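K.L.:
I'd like to ask you about the structure that follows.
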Amino acid sequence: MLVLSRKEDQTIIFPNLGISVEVIRVNGKNVRIGIDAPRSIRIVRGELINDDDQLSDLVDVIRQLEMHLPAFDIETRHE
């Protein structure tokens, strides 16, 4: 695991993967992070997954949602 210290508006870039992570705002113990990645890269918050079964179920739900995404405009997809 790579551990870095970053300040607001600083970015971590994974150039081979096309992913960048930016620290948007630090407020006490909370940090707002922006992640820019290709659509093919799934991003899931760790607290949503407790075990492999939940991960599998979550991946199935995400795949079902992705099938319907093209029907929505960009603002609706973001929500």
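By convention in this document, the chains of the structure tokens carry letters A, B, ... by their order, each chain's residues are numbered from 1, and ligands are numbered from 1 in the order they are shown.
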When you look at Asp36 (chain A) with a cut-off of 9 Å (counting only C-alpha atoms), what residues show up, excluding the ones that are within fewer than 5 positions of it in the same chain? I need them as a VMD selection string.
P.N.:
chain A and resid 18 to 22
K.L.:
Can you list, as a ChimeraX atom specification, every protein, DNA or RNA residue that comes within 12 Å of Ile33 (chain A) when you count only C-alpha atoms, leaving out same-chain residues fewer than 6 positions away?
P.N.:
/A:6-12,20-27,45
K.L.:
Those residues you just picked out, can you put them in a file as a short mmCIF file (atom, residue, chain, number, x, y, z; two decimals), in the first residue's frame with all heavy atoms?
P.N.:
data_model
loop_
_atom_site.label_atom_id
_atom_site.label_comp_id
_atom_site.auth_asym_id
_atom_site.auth_seq_id
_atom_site.Cartn_x
_atom_site.Cartn_y
_atom_site.Cartn_z
N ARG A 6 -1.21 14.59 1.31
CA ARG A 6 -1.58 15.58 0.30
C ARG A 6 -2.31 16.72 0.97
O ARG A 6 -2.95 16.56 2.00
CB ARG A 6 -2.52 14.98 -0.75
CG ARG A 6 -1.97 13.79 -1.49
CD ARG A 6 -1.06 14.15 -2.65
NE ARG A 6 0.28 14.41 -2.17
CZ ARG A 6 1.24 15.01 -2.85
NH1 ARG A 6 1.02 15.46 -4.04
NH2 ARG A 6 2.42 15.18 -2.34
N LYS A 7 -2.23 17.89 0.38
CA LYS A 7 -2.97 19.07 0.83
C LYS A 7 -4.09 19.32 -0.16
O LYS A 7 -4.16 18.71 -1.22
CB LYS A 7 -2.04 20.28 0.87
CG LYS A 7 -0.93 20.13 1.89
CD LYS A 7 -0.03 21.34 1.86
CE LYS A 7 1.13 21.15 2.84
NZ LYS A 7 2.07 22.26 2.79
N GLU A 8 -4.98 20.27 0.18
CA GLU A 8 -6.06 20.63 -0.73
C GLU A 8 -5.49 21.02 -2.08
O GLU A 8 -4.42 21.62 -2.18
CB GLU A 8 -6.87 21.80 -0.17
CG GLU A 8 -7.81 21.38 0.93
CD GLU A 8 -8.72 22.50 1.39
OE1 GLU A 8 -8.96 23.46 0.63
OE2 GLU A 8 -9.17 22.42 2.53
N ASP A 9 -6.22 20.65 -3.11
CA ASP A 9 -5.87 20.94 -4.51
C ASP A 9 -4.64 20.20 -5.01
O ASP A 9 -4.13 20.53 -6.08
CB ASP A 9 -5.70 22.45 -4.73
CG ASP A 9 -6.97 23.22 -4.43
OD1 ASP A 9 -8.07 22.68 -4.73
OD2 ASP A 9 -6.90 24.34 -3.91
N GLN A 10 -4.14 19.22 -4.28
CA GLN A 10 -3.04 18.40 -4.76
C GLN A 10 -3.61 17.10 -5.34
O GLN A 10 -4.64 16.61 -4.91
CB GLN A 10 -2.03 18.10 -3.67
CG GLN A 10 -1.23 19.33 -3.25
CD GLN A 10 -0.16 18.99 -2.23
OE1 GLN A 10 -0.33 18.10 -1.40
NE2 GLN A 10 0.94 19.72 -2.29
N THR A 11 -2.91 16.57 -6.33
CA THR A 11 -3.41 15.43 -7.09
C THR A 11 -2.43 14.27 -7.06
O THR A 11 -1.23 14.47 -7.00
CB THR A 11 -3.64 15.86 -8.55
OG1 THR A 11 -4.53 16.97 -8.57
CG2 THR A 11 -4.26 14.74 -9.36
N ILE A 12 -2.97 13.08 -7.10
CA ILE A 12 -2.20 11.85 -7.28
C ILE A 12 -2.64 11.29 -8.63
O ILE A 12 -3.84 11.15 -8.88
CB ILE A 12 -2.49 10.83 -6.17
CG1 ILE A 12 -2.16 11.44 -4.80
CG2 ILE A 12 -1.72 9.55 -6.40
CD1 ILE A 12 -2.76 10.67 -3.65
N SER A 20 -6.83 9.80 -11.91
CA SER A 20 -6.26 10.82 -11.04
C SER A 20 -7.17 11.00 -9.83
O SER A 20 -8.38 10.85 -9.91
CB SER A 20 -6.09 12.15 -11.79
OG SER A 20 -7.33 12.68 -12.17
N VAL A 21 -6.54 11.27 -8.70
CA VAL A 21 -7.25 11.47 -7.44
C VAL A 21 -6.84 12.83 -6.91
O VAL A 21 -5.65 13.10 -6.75
CB VAL A 21 -6.89 10.36 -6.41
CG1 VAL A 21 -7.62 10.60 -5.10
CG2 VAL A 21 -7.20 8.99 -6.97
N GLU A 22 -7.82 13.69 -6.66
CA GLU A 22 -7.52 15.04 -6.19
C GLU A 22 -8.17 15.29 -4.83
O GLU A 22 -9.33 14.92 -4.61
CB GLU A 22 -8.05 16.08 -7.18
CG GLU A 22 -7.75 17.51 -6.76
CD GLU A 22 -8.26 18.53 -7.76
OE1 GLU A 22 -8.73 18.14 -8.83
OE2 GLU A 22 -8.17 19.72 -7.45
N VAL A 23 -7.41 15.89 -3.92
CA VAL A 23 -7.96 16.30 -2.63
C VAL A 23 -8.69 17.62 -2.87
O VAL A 23 -8.08 18.64 -3.17
CB VAL A 23 -6.86 16.46 -1.57
CG1 VAL A 23 -7.45 16.95 -0.26
CG2 VAL A 23 -6.11 15.15 -1.37
N ILE A 24 -9.99 17.60 -2.78
CA ILE A 24 -10.81 18.77 -3.06
C ILE A 24 -10.89 19.70 -1.85
O ILE A 24 -10.71 20.90 -1.97
CB ILE A 24 -12.25 18.34 -3.47
CG1 ILE A 24 -12.22 17.36 -4.63
CG2 ILE A 24 -13.12 19.55 -3.77
CD1 ILE A 24 -11.71 17.92 -5.92
N ARG A 25 -11.17 19.11 -0.69
CA ARG A 25 -11.33 19.94 0.51
C ARG A 25 -11.02 19.11 1.75
O ARG A 25 -11.37 17.93 1.83
CB ARG A 25 -12.77 20.47 0.58
CG ARG A 25 -13.00 21.38 1.78
CD ARG A 25 -14.40 21.99 1.81
NE ARG A 25 -15.42 20.95 1.82
CZ ARG A 25 -16.54 20.99 1.12
NH1 ARG A 25 -16.79 22.00 0.32
NH2 ARG A 25 -17.41 20.02 1.21
N VAL A 26 -10.38 19.75 2.71
CA VAL A 26 -10.11 19.13 4.01
C VAL A 26 -10.85 19.96 5.04
O VAL A 26 -10.68 21.17 5.11
CB VAL A 26 -8.60 19.10 4.33
CG1 VAL A 26 -8.37 18.49 5.70
CG2 VAL A 26 -7.84 18.34 3.25
N ASN A 27 -11.69 19.29 5.83
CA ASN A 27 -12.47 19.98 6.85
C ASN A 27 -12.44 19.13 8.12
O ASN A 27 -13.20 18.18 8.25
CB ASN A 27 -13.91 20.19 6.35
CG ASN A 27 -14.74 21.01 7.31
OD1 ASN A 27 -14.23 21.59 8.26
ND2 ASN A 27 -16.03 21.07 7.05
N ARG A 45 -17.08 2.69 -2.77
CA ARG A 45 -16.65 3.04 -1.41
C ARG A 45 -16.48 1.78 -0.58
O ARG A 45 -17.33 0.89 -0.59
CB ARG A 45 -17.69 3.95 -0.76
CG ARG A 45 -17.81 5.28 -1.45
CD ARG A 45 -18.70 6.26 -0.69
NE ARG A 45 -19.70 5.65 0.14
CZ ARG A 45 -21.02 5.84 -0.03
NH1 ARG A 45 -21.48 6.56 -1.01
NH2 ARG A 45 -21.87 5.27 0.79
#
